[in-house]
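Reviewing the structure listed below.
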Number of protein chains: 2
Amino acid sequence: MEKIKIGIVGYGNLGRGVELSLAQNPDMELVAVFSRRDPSSLTLITEGVQAAHMADILTYKGKIDVMILCGGSATDLPLQSPQIAAHFNLIDSFDTHAKIPEHFDHVNKAATVGSTISIISAGWDPGLFSLNRLYAEAVLPKGETFTFWGPGLSQGHSDAIRRIKGVANAVQYTVPIEEAVNQARAGQGASLTTRDKHLRECYVVAEPDADQAAIAETIKTMPDYFADYDTTVTFISADELQEKHSAMPHGGFVIRSGETGLDGNKHTIEYSLTEDSNPEFTSAVLVCYARAAYRLNQKGESGARTVFDIAPALLSIKTNEQLRAEML
Amino acid sequence: MEKIKIGIVGYGNLGRGVELSLAQNPDMELVAVFSRRDPSSLTLITEGVQAAHMADILTYKGKIDVMILCGGSATDLPLQSPQIAAHFNLIDSFDTHAKIPEHFDHVNKAATVGSTISIISAGWDPGLFSLNRLYAEAVLPKGETFTFWGPGLSQGHSDAIRRIKGVANAVQYTVPIEEAVNQARAGQGASLTTRDKHLRECYVVAEPDADQAAIAETIKTMPDYFADYDTTVTFISADELQEKHSAMPHGGFVIRSGETGLDGNKHTIEYSLTEDSNPEFTSAVLVCYARAAYRLNQKGESGARTVFDIAPALLSIKTNEQLRAEML
């Protein structure tokens with residue numbers, strides 16, 4: 001069987017996670033890693049894979065089946081996804097919830113013109129958590145859904161802080177507030193606000209000449225990411241960041257409680273994740289959606305998709321016959 | 001907007017659950033309930049719905065968009081699903097795992113000839129649990145999945161007992177064995193057998209002249225349903241059954257623990273359900289898959305499908321635009 005040829009665009013934590021995940025999927029092979037950095041400066045894990053400059057990506061047209069975009073949502077993906085969708089099938093993990101409809105439209109136009117498939121906003125949230133919100137609401141139309149994240153380090157939020165002027169490095173932990181979690185579990189979460197549910201704790205390494213007060217203010221007032229939360233900002237040294245904040249655990253859960261029938265029968269649907277490494281887990285999701293993108297494009301489909309549009313069977317290396325016999 | 005016209009085939013606990021669930025879905029309307037009983041003997045909950053005899057089902061061709069089959073897997077669905085698929089879109093909850101491939105083939109042939117869509121084996125297991133097994137394995141190819149059921153009353157297994165000669169009524173509780181659950185949670189469940197994981201407890205009302213020993217033996221040796229488990233059979237009176245065993249709670253969970261990367265990072269994906277009423281919860285799943293069957297058939301598709309083949313967005317009453325804006 002011919003393998004699905006994959007390209008990775010952006011070689012940070014997520015890109016390396018995708019590279020490692022591909023090694024667990026025998027129907028795929030990594031062809032090239034694209035970066036804005038000098039290709040000779042990249043140390044890839046997999047033998048025989050080409051490191052290439054972003055500027056040369058079009059020379060790989062026809063040689064790569066699916067590009068997995070591993071840049072950030074703040075500035076990388078809004079530009080890269082439409083540009084690359086014009087020429088390649090792609091997966092991205094665009095996670096700025098408020099801007100997803102706009103991003104979808106831009107990518108959809110480019111992918112339709114390019115006769116490619118783009119699956120945007122894959123990962124675990126948006127992604128697996130989104131799926132569970134949808135399934136749970138479809139099954140229990142009368143009810144309430146709550147999503148809690150963490151405790152864990154958020155890539156998207158850390159990335160947003162790192163892009164602030166004067167920030168050398170940063171990590172952000174999302175921490176669910178236990179009282180709120182208990183209310184939600186008990187089906188009594190109706191009045192919970194965004195601020196009631198989670199804290200955001202930021203550990204920031206400032207550049208030597210940076211205005212720390214201004215950085216803290218920029219973080220705490222950043223729309224979509226921090227403005228709606230109680231946020232703490234702690235400045236630490238690069239050494240302390242390296243020592244205490246290098247692991248990237250995450251997790252969380254989606255809970256829906258609902259009611260059916262005449263007797264008020266109650267039901268709870270709960271989905272939870274615990275992850276030692278958020279980037280490696282997110283990467284694993286991107287990789288199985290790459291399989292789906294390839295298959296849809298092989299069927300002649302084009303345009304943008306989200307996880308909501310992808311039939312689950314398309315994600316699995318198994319045949320439909322195997323799935324029915326072994327997993328249904 | 002024109003509503004999706006639904007027919008219910010079989011009016012037991014599941015059929016009544018579907019009727020109640022339809023009332024929570026404003027894009028659907030119940031047209032008729034079909035039964036092998038005298039239609040005048042059925043007391044329906046919803047006003048304006050026709051009670052009809054199974055023998056008259058073909059007179060509803062063109063008047064019903066999707067039939068939701070609410071019979072049992074042991075003897076009803078293997079016959080009914082292919083017969084009805086020849087004329088109507090349908091949903092069933094066929095749950096004899098070992099016979100799903102055969103059932104799929106029979107229904108697929110009939111539905112293809114009839115230009116209808118059949119979604120078989122919907123419910124929560126097979127159904128939502130199957131989906132979670134598939135998603136979790138696709139995301140974490142290196143790992144192990146465990147499914148636990150209960151504690152709860154299994155409709156399929158109770159139904160199988162009720163069909164035994166000499167049985168007036170029966171309920172069956174599936175009980176997960178705690179030691180096994182703890183092993184699975186700890187990622188140490190590799191050696192667990194079917195028998196290690198669950199007990200099956202049966203409470204049976206025998207007919208006056210029945211051979212109780214023969215009934216117990218028939219239950220304990222029934223393939224697929226009981227033979228692979230430690231099963232207890234307790235004979236009780238009809239009054240005791242009514243008093244102590246009328247509620248139909250259920251639940252369970254699907255756990256996958258897996259590993260990614262070079263450092264052996266561990267991840268756990270867990271999905272759990274708690275249900276006050278198994279038939280009402282199962283019904284709620286059938287109803288949202290009826291929406292998907294209708295939409296697929298409107299697009300001109302035909303043949304058999306399982307939950308693996310259904311894009312999640314097809315289940316929701318919301319538009320794709322709403323889903324992307326509100327739930328992704």
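For the structure tokens, the naming scheme is as follows: chains receive sequential letters (A, B, ...) according to their order of presentation, residues are indexed from 1 within each chain, and ligands are indexed from 1 in presentation order.
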Hey, could you make a per-residue contact list for chain B against chain A with 7 Å as the cut-off, showing the nearest pair of atoms and its distance in Å to one decimal, counting only C-alpha atoms, sorted by chain and number, as CSV?
```
residue,atom,partner,partner_atom,distance
B:Leu20,CA,A:Gly261,CA,5.4
B:Ser21,CA,A:Thr260,CA,6.8
B:Gln24,CA,A:Pro141,CA,6.5
B:Ile100,CA,A:Ala325,CA,6.9
B:Pro101,CA,A:Ala325,CA,6.0
B:Pro126,CA,A:Leu328,CA,5.5
B:Ser130,CA,A:Leu328,CA,4.8
B:Arg133,CA,A:Met327,CA,6.6
B:Leu134,CA,A:Met327,CA,6.7
B:Tyr135,CA,A:Pro312,CA,6.8
B:Ala138,CA,A:Ser316,CA,5.2
B:Val139,CA,A:Val285,CA,5.2
B:Leu140,CA,A:Ala284,CA,6.8
B:Pro141,CA,A:Gln24,CA,6.5
B:Thr260,CA,A:Glu280,CA,6.6
B:Gly261,CA,A:Leu20,CA,5.4
B:Asn265,CA,A:Asp276,CA,5.3
B:Lys266,CA,A:Asp276,CA,5.4
B:His267,CA,A:Glu275,CA,4.5
B:Thr268,CA,A:Thr274,CA,5.2
B:Ile269,CA,A:Leu273,CA,4.8
B:Glu270,CA,A:Ser272,CA,5.2
B:Tyr271,CA,A:Tyr271,CA,4.5
B:Ser272,CA,A:Glu270,CA,5.2
B:Leu273,CA,A:Ile269,CA,4.8
B:Thr274,CA,A:Thr268,CA,5.2
B:Glu275,CA,A:His267,CA,4.5
B:Asp276,CA,A:Asn265,CA,5.3
B:Ser277,CA,A:Asn265,CA,6.3
B:Glu280,CA,A:Thr260,CA,6.6
B:Ala284,CA,A:Val139,CA,5.3
B:Val285,CA,A:Val139,CA,5.2
B:Cys288,CA,A:Ala138,CA,6.1
B:Phe308,CA,A:Ala313,CA,4.9
B:Asp309,CA,A:Ala311,CA,5.1
B:Ile310,CA,A:Ala311,CA,5.0
B:Ala311,CA,A:Ala311,CA,3.9
B:Pro312,CA,A:Phe308,CA,5.0
B:Ala313,CA,A:Phe308,CA,4.9
B:Leu315,CA,A:Ala138,CA,6.0
B:Ser316,CA,A:Ala138,CA,5.2
B:Arg324,CA,A:Pro101,CA,6.3
B:Ala325,CA,A:Pro101,CA,6.0
B:Met327,CA,A:Ser130,CA,5.9
B:Leu328,CA,A:Ser130,CA,4.8
```
Spatial neighbours of Asp230 of chain A, max dist 10 Å, only C-alpha atoms, sep filter under 5 positions, as an mmCIF file with N, CA and C atoms, in the first residue's frame:
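Written output follows (around.cif):
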```cif
data_model
loop_
_atom_site.group_PDB
_atom_site.id
_atom_site.type_symbol
_atom_site.label_atom_id
_atom_site.label_comp_id
_atom_site.auth_asym_id
_atom_site.auth_seq_id
_atom_site.Cartn_x
_atom_site.Cartn_y
_atom_site.Cartn_z
ATOM 1 N N THR A 194 -17.593 32.654 32.850
ATOM 2 C CA THR A 194 -16.247 32.282 32.412
ATOM 3 C C THR A 194 -15.247 32.476 33.553
ATOM 4 N N ARG A 195 -15.370 33.591 34.258
ATOM 5 C CA ARG A 195 -14.440 33.911 35.342
ATOM 6 C C ARG A 195 -14.593 32.966 36.538
ATOM 7 N N ASP A 196 -15.808 32.452 36.758
ATOM 8 C CA ASP A 196 -16.036 31.528 37.885
ATOM 9 C C ASP A 196 -15.351 30.185 37.672
ATOM 10 N N LYS A 197 -15.131 29.828 36.409
ATOM 11 C CA LYS A 197 -14.769 28.443 36.110
ATOM 12 C C LYS A 197 -13.262 28.165 36.133
ATOM 13 N N HIS A 198 -12.466 29.150 35.676
ATOM 14 C CA HIS A 198 -11.023 28.910 35.568
ATOM 15 C C HIS A 198 -10.214 30.125 35.990
ATOM 16 N N LEU A 199 -9.024 29.851 36.526
ATOM 17 C CA LEU A 199 -7.981 30.870 36.682
ATOM 18 C C LEU A 199 -6.979 30.693 35.556
ATOM 19 N N ARG A 200 -6.264 31.796 35.222
ATOM 20 C CA ARG A 200 -5.137 31.680 34.294
ATOM 21 C C ARG A 200 -3.877 32.169 35.005
ATOM 22 N N GLU A 201 -2.894 31.280 35.142
ATOM 23 C CA GLU A 201 -1.642 31.614 35.827
ATOM 24 C C GLU A 201 -0.529 31.686 34.794
ATOM 25 N N LYS A 220 -3.179 40.728 30.729
ATOM 26 C CA LYS A 220 -4.454 40.674 31.456
ATOM 27 C C LYS A 220 -5.626 41.260 30.664
#
```
Exercise for review: Write out as an MDAnalysis selection string which residues come within 9 Å of Thr218 of chain B when counting only C-alpha atoms, dropping same-chain ones fewer than 5 positions away.
Suggested key: chainID B and resid 161 164 213
Next, write the just-selected residues to a file, as a short mmCIF file (atom, residue, chain, number, x, y, z; two decimals), in the first residue's frame, keeping N, CA, C and O atoms as the atom set.
```
data_model
loop_
_atom_site.label_atom_id
_atom_site.label_comp_id
_atom_site.auth_asym_id
_atom_site.auth_seq_id
_atom_site.Cartn_x
_atom_site.Cartn_y
_atom_site.Cartn_z
N ILE B 161 -33.47 -13.16 27.72
CA ILE B 161 -33.99 -14.09 28.73
C ILE B 161 -35.51 -14.25 28.58
O ILE B 161 -36.05 -15.36 28.65
N ILE B 164 -36.95 -16.93 26.38
CA ILE B 164 -36.76 -18.35 26.71
C ILE B 164 -38.10 -18.94 27.14
O ILE B 164 -38.87 -18.30 27.87
N ALA B 213 -34.72 -25.09 36.52
CA ALA B 213 -33.33 -25.52 36.29
C ALA B 213 -32.97 -25.41 34.81
O ALA B 213 -31.87 -24.98 34.45
#
```
Exercise for review: Mind checking which residues fall within 9 Å of Ala184 of chain B, counting only C-alpha atoms, ignoring those fewer than 5 positions away in the same chain, and posting them as a list in words?
Suggested key: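 The residues that qualify are Glu144, Thr145, Phe146, Glu179, Gly189, Ala190, Leu192, Ile255, Arg256 and Ser257 of chain B.
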I need the chosen residues saved as a short mmCIF file (atom, residue, chain, number, x, y, z; two decimals), in the first residue's frame, with N, CA, C and O atoms.
```
data_model
loop_
_atom_site.label_atom_id
_atom_site.label_comp_id
_atom_site.auth_asym_id
_atom_site.auth_seq_id
_atom_site.Cartn_x
_atom_site.Cartn_y
_atom_site.Cartn_z
N GLU B 144 -4.22 0.79 24.95
CA GLU B 144 -5.21 -0.25 25.20
C GLU B 144 -6.55 0.38 25.56
O GLU B 144 -6.61 1.32 26.34
N THR B 145 -7.63 -0.20 24.99
CA THR B 145 -8.97 0.30 25.28
C THR B 145 -9.73 -0.72 26.13
O THR B 145 -9.68 -1.92 25.87
N PHE B 146 -10.42 -0.22 27.13
CA PHE B 146 -11.29 -1.06 27.95
C PHE B 146 -12.68 -0.46 28.00
O PHE B 146 -12.83 0.75 28.13
N GLU B 179 -12.19 -4.53 40.95
CA GLU B 179 -10.75 -4.80 40.85
C GLU B 179 -10.28 -4.64 39.40
O GLU B 179 -9.21 -4.11 39.13
N GLY B 189 -4.37 -3.43 32.55
CA GLY B 189 -5.49 -4.33 32.31
C GLY B 189 -5.26 -5.35 31.22
O GLY B 189 -6.20 -6.03 30.80
N ALA B 190 -4.03 -5.48 30.76
CA ALA B 190 -3.75 -6.29 29.58
C ALA B 190 -4.27 -7.72 29.68
O ALA B 190 -4.72 -8.29 28.69
N LEU B 192 -6.82 -8.91 31.46
CA LEU B 192 -8.22 -9.08 31.88
C LEU B 192 -9.02 -9.85 30.84
O LEU B 192 -9.01 -9.52 29.66
N ILE B 255 -12.38 3.48 28.41
CA ILE B 255 -11.09 4.07 28.80
C ILE B 255 -10.03 3.62 27.80
O ILE B 255 -9.91 2.43 27.51
N ARG B 256 -9.28 4.56 27.28
CA ARG B 256 -8.07 4.19 26.55
C ARG B 256 -6.88 4.90 27.17
O ARG B 256 -6.90 6.11 27.36
N SER B 257 -5.86 4.13 27.53
CA SER B 257 -4.61 4.76 27.95
C SER B 257 -3.57 4.43 26.89
O SER B 257 -3.54 3.33 26.35
#
```
Review point. Where does DSSP see strand (DSSP E or B) in segment 6-106 of chain B, if you list the residues as a VMD selection string?
Key: chain B and resid 6 to 9 28 to 35 50 to 53 66 to 69 89 to 91
